[in-house]
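Some notes on the structure that comes next.
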Amino acid sequence: MKSNVRLRLIVIVIIMIICSVTCQADSQKPVKKVLENGLTVVVKSEPGSGLVAIAAMVKVGVGQESIQTAGLGNFVSRLLLASTRAKSAEQVASIADSLGGNIGTEWERDLTSIRTVTTTAGFDRTMNLIGECLAEANFEYKWVEQVRKDLLSYIKSQSSDPFDQAYADLKQLLYEDNGYRRPKDVSERAISLAAPQDLQRYFSQHYPPNNIVLAIVGDVTAEKAIERAGRAFAGVMPRRLPIDRSVPDERLRENKSNMFEKKLSAAYLLVGWQAPAAGDRDYAAVAVAANALGGGKGSLMFRELRQKQGLGYEIGALYPKLRYQSHVVAYLVTDPYKKSAAEPRQTLDAASAELMKLVEELKSKPLSGEDLQRAKGYTIGAYALGHQHLLERAALLGWAETIELGYEFDKNYPDLIDSVTAADVQRVMQKYFTKSASVMLVPSAKE
Amino acid sequence: MRKFATAFLLLFLTASAGMAQVRAPSVTRLGNGLTVIMQEDHSIDLIGIEVWVKAGIANETADNNGISHLVEHLLFAGTEKRQAGDMDREIESVGATLDAYTGVDYMHFGATICSRYLNKSLDIFADAINNSQFHEDDLERERLVILDELARKQSSIRLVARSLLAQKIYGPHPYSLTLEGTAANVKNISRNDLLAYYREHYTPTNMALVLVGDFDPSAALAEIKKLFQSAPREYKTNPRPEIPPITKQISESVKASLDDDYLAIGFLGPDSSQSEDVCALDVLMSYLGQGNRGWIFEELKTKFKLVDDAYVDFVTCKDKGLISIIVSTTPDKQAKVQEVILAKLEQIGSKGMSGYELENAKRSVLGQIAYERETVSGRANAFGFYFAVSDVSFAVKYQACISSLTAEAVRQTAKKYLIADSAVILRLEPSREGSK
């Protein structure tokens, strides 16, 4: 790192000069451009901070994997910053170091990303580094073995959080066979067996520029950001993409449930329903319905289960924004012996019955005006709060573009939620909250 | 710095420079004396909204120590028109959460909100400031919560050690008191005590409302005037006792409720009006060991294996702040560790830091500040903090102050404050039998 002192000093001086002339122009609307090689660039210029966030997103994630290939995408994502054909891992790290900021990769359900925050002065070099990582990743034996070792040890060290376990079990019940069903990090077999050429093939198939979105937010003009992105990917040609592995819609034909006994001090109840994708016309109404049911301390679940029945240390609802068929999960973590000192199952049965009663009420009559407003406010406010940092803003902009919703989704989200009516909520409750899957985790019998 | 959970290459790097300087916010004093600090930023539809009251531990005595913190806990409990829990629920119903904290010179609370809910949030904040009732049943409930906090605090090495150093260093000055106060005070402070304290200190002239983000200043100001229109009240600042100078090194062994042996070294630092000294100390602390890096970690921990953990801290306060260096080490190594640390501090005071060390430490401080101030609430927090302990302008000039520090200025600051003869050195030993 010491070799970079001079570079750092130069960067500092450059930034200070830039800072001294920085004006406080207003931030601008996002600009989108698809370059000749198919690379999509979305830029939101926000002058003033001296920082730029870049989220480079590849349109391949857990959802696109088959049972045979599960794990390869994760493996490849972790090799992106290991080295490139032109640079060793140390060189990549030292460039990242000298640029300031931080850089990392994410492997998600609908995409793979490199995310970084850099200074305005370091933007060009960061952009070049990202271009090199996404176009020239290195799958030499040495790096593959190093990452394989790290990845397998990471998977083994994963915590066994009871909630995560129950959620993983619930997804197994909700989906018969698709990528979303599988836990994203548990794919030891494919990772153990993958050869460098398998990884190279996967990379060649999924990482052409025409399958990548670059979202850039911060103290850089749209013109400059697009021009630099073009340079970073200059000479990288578009390629034919593999046949789209979309996640097919499924339909629960009957209610399903599982119960597990574990060494726990609390009991867990998770109930899930299949729900529409983020781009579906019913998405907003289901988001409001989920938060009316379990979003926050004003939700129906909190009021009825926690405040009236004294059930639940923790209560909530989840509705992941996914490209394909998603799910709503209502959950409760509770004192297992609240209803019966001997039989924790009774407490969860009581909680489950109360929860189902609330669901039936939401289906049979429209939400009150007050509850509707609260649920909408909670949904809009919580989404807005996910934008506090530049990198969060870049990631949300890029995510919407990557999963084909269009970057405008981010800006339109509050109005989309605000347009939901009580009748919409009742309608989607009737449509989606039909067959459910549930998982209970209860403490093993007292000794 | 934000961490990426699944990142393979994880670099905790600080942004490498002064960044853009923070713009000066507008500061308006309303007719009733309330300070309103505002900064527009329409990058995103968020607003950081905070209230800072100059009422903290420094306003307490040994008899009512803990009252500022108790008021903080009850401020959102109930008013004339809202019951306990209502304010929390209302703020949460717009997707936000309330955050409150009591410091030595202040109490503050705030939230980051979606800008469309500004007026609703202002209404809640104004209600808490103007009409809190401190109901008996709420008070009883919060006493239990704070007693629990007090018990948990006993397990925090940093807090226990800092508190022991503060007692030795500050003597009669209220900075020697603790945040929660004693358990006896928490049990005995009455509703009338709370109301009297609230009426005395929560006056418009003694507080600031800070807004940073996506709003129209004239509309926001009109709403603020309407909601925060309580009559002006004279605020009488009571003079604080002098902090007695330390003329001779204090070195003692103390039994503390810790699991391991610690060495705590404290010095009296500058007050907030000595801005260059404050900036230099921030850089020195960063060099020595803030944020899991620095000299203590590289030399004492990694290279010589003399210490396990270390906490290095200087908090800017209205009066002289506490500089603390707390390290975990075994009893047989304590003398050596003490000698090495004091020798290092003396060396910095005589020879200074190298150019490389200085630039690295400055870069680290600036990177941390850039990250903190990247958000609307980070900036609101900075403006409010400096309003409470110094002046809002300090928040604006802080980065330039750090950037322009010379090696000589840092050396002189070290020589002025980090002197072995005025150090308070505590060897903390576990008090519980067999606690190791």
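How things are named: the first chain in the structure tokens is A, the next is B, and so on; residues count from 1 in each chain; ligands count from 1 in the order shown.
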
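The shell of residues at most 7 Å from Gly213 of chain B, with only C-alpha atoms counted and near chain neighbours (fewer than 6 positions) removed, consists of B:Gln39, B:Glu40, B:Asp41, B:His42, B:Leu46, B:Ile47, B:Gly48, B:Val376.
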
- [ ] For segment 314-324 of chain A, work out the shell of residues within 6 Å, counting only C-alpha atoms and skipping chain neighbours fewer than 6 positions away, then give it as a list in words.
- [x] Val247, Ala277, Ala278, Gly294, Gly295, Ala330, Tyr331, Leu332, Val333 and Ile403 of chain A

Could you take the residues named above and write them with all heavy atoms, as an mmCIF file, in the first residue's frame?
data_model
loop_
_atom_site.group_PDB
_atom_site.id
_atom_site.type_symbol
_atom_site.label_atom_id
_atom_site.label_comp_id
_atom_site.auth_asym_id
_atom_site.auth_seq_id
_atom_site.Cartn_x
_atom_site.Cartn_y
_atom_site.Cartn_z
ATOM 1 N N VAL A 247 -37.955 -17.620 -14.159
ATOM 2 C CA VAL A 247 -38.458 -18.446 -13.070
ATOM 3 C C VAL A 247 -39.961 -18.629 -13.306
ATOM 4 O O VAL A 247 -40.718 -17.666 -13.266
ATOM 5 C CB VAL A 247 -38.221 -17.741 -11.713
ATOM 6 C CG1 VAL A 247 -38.772 -18.573 -10.565
ATOM 7 C CG2 VAL A 247 -36.724 -17.494 -11.525
ATOM 8 N N ALA A 277 -44.707 -10.759 -9.108
ATOM 9 C CA ALA A 277 -43.390 -10.148 -9.337
ATOM 10 C C ALA A 277 -43.486 -8.627 -9.223
ATOM 11 O O ALA A 277 -44.586 -8.054 -9.281
ATOM 12 C CB ALA A 277 -42.908 -10.529 -10.740
ATOM 13 N N ALA A 278 -42.312 -7.978 -9.077
ATOM 14 C CA ALA A 278 -42.297 -6.522 -8.894
ATOM 15 C C ALA A 278 -42.880 -5.774 -10.088
ATOM 16 O O ALA A 278 -43.372 -4.663 -9.951
ATOM 17 C CB ALA A 278 -40.871 -6.059 -8.624
ATOM 18 N N GLY A 294 -48.614 -6.792 8.353
ATOM 19 C CA GLY A 294 -47.514 -7.010 9.298
ATOM 20 C C GLY A 294 -46.413 -5.964 9.303
ATOM 21 O O GLY A 294 -45.388 -6.160 9.945
ATOM 22 N N GLY A 295 -46.577 -4.848 8.605
ATOM 23 C CA GLY A 295 -45.511 -3.835 8.532
ATOM 24 C C GLY A 295 -45.562 -2.857 9.690
ATOM 25 O O GLY A 295 -46.350 -1.931 9.689
ATOM 26 N N ALA A 330 -45.580 -13.677 6.425
ATOM 27 C CA ALA A 330 -45.931 -13.044 7.701
ATOM 28 C C ALA A 330 -45.244 -13.872 8.775
ATOM 29 O O ALA A 330 -45.302 -15.106 8.736
ATOM 30 C CB ALA A 330 -47.433 -13.048 7.897
ATOM 31 N N TYR A 331 -44.551 -13.212 9.707
ATOM 32 C CA TYR A 331 -43.799 -13.995 10.704
ATOM 33 C C TYR A 331 -43.979 -13.470 12.120
ATOM 34 O O TYR A 331 -44.354 -12.313 12.326
ATOM 35 C CB TYR A 331 -42.309 -14.047 10.348
ATOM 36 C CG TYR A 331 -41.620 -12.704 10.363
ATOM 37 C CD1 TYR A 331 -41.045 -12.201 11.533
ATOM 38 C CD2 TYR A 331 -41.527 -11.943 9.209
ATOM 39 C CE1 TYR A 331 -40.412 -10.967 11.549
ATOM 40 C CE2 TYR A 331 -40.899 -10.713 9.217
ATOM 41 C CZ TYR A 331 -40.338 -10.232 10.390
ATOM 42 O OH TYR A 331 -39.723 -9.012 10.399
ATOM 43 N N LEU A 332 -43.677 -14.358 13.024
ATOM 44 C CA LEU A 332 -43.796 -14.017 14.442
ATOM 45 C C LEU A 332 -42.780 -14.844 15.230
ATOM 46 O O LEU A 332 -42.607 -16.028 14.971
ATOM 47 C CB LEU A 332 -45.234 -14.325 14.879
ATOM 48 C CG LEU A 332 -45.605 -14.462 16.328
ATOM 49 C CD1 LEU A 332 -46.891 -13.687 16.574
ATOM 50 C CD2 LEU A 332 -45.817 -15.908 16.693
ATOM 51 N N VAL A 333 -42.065 -14.170 16.102
ATOM 52 C CA VAL A 333 -41.141 -14.863 17.008
ATOM 53 C C VAL A 333 -41.698 -14.631 18.401
ATOM 54 O O VAL A 333 -41.946 -13.490 18.785
ATOM 55 C CB VAL A 333 -39.718 -14.272 16.917
ATOM 56 C CG1 VAL A 333 -38.752 -15.084 17.769
ATOM 57 C CG2 VAL A 333 -39.234 -14.208 15.483
ATOM 58 N N ILE A 403 -33.858 -5.630 -13.895
ATOM 59 C CA ILE A 403 -34.925 -6.630 -13.955
ATOM 60 C C ILE A 403 -36.058 -6.175 -14.883
ATOM 61 O O ILE A 403 -37.196 -6.628 -14.777
ATOM 62 C CB ILE A 403 -35.441 -7.040 -12.564
ATOM 63 C CG1 ILE A 403 -36.227 -5.921 -11.896
ATOM 64 C CG2 ILE A 403 -34.312 -7.507 -11.662
ATOM 65 C CD1 ILE A 403 -37.110 -6.443 -10.779
#

Open item on the list: Among segment 188-357 of chain B, which ones does DSSP assign to strand (DSSP E or B) (computed from the backbone)? Answer as an MDAnalysis selection string.
Closed with: chainID B and resid 207:213 250:256 262:268 310:314 322:328

Open item on the list: When DSSP is applied to the backbone of this structure, which of segment 153-324 of chain B are assigned alpha helix (DSSP H)? Write them out as an NGL selection string.
Closed with: :B and (153 or 157-170 or 183-188 or 191-201 or 217-227 or 275-288 or 295)

Task: Option closest in space to Val94 of chain B, from A:Ala234, A:Lys431, A:Gly298, A:Tyr407 [counting only C-alpha atoms] - done: A:Gly298

- [ ] Using only C-alpha atoms, find the one residue out of A:Gly50, A:Pro162, A:Pro208, A:Gly398 that sits nearest to Tyr371 of chain B.
- [x]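 With only C-alpha atoms as the atom set, the closest residue is A:Gly50.
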
TODO: May I ask for the distance between atom CA of Asp127 of chain B and atom CA of Ala55 of chain B, given in Å to one decimal place?
DONE: 18.2 Å

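Closest approach to chain B from the set A:Arg115, A:Lys149, A:Arg78, A:Lys357 is made by A:Arg78, with distances taken over only C-alpha atoms.
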
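Nearest residue to chain A, choosing from B:Asp319, B:Asp214, B:Glu252, B:Glu136 and counting only C-alpha atoms: B:Asp214.
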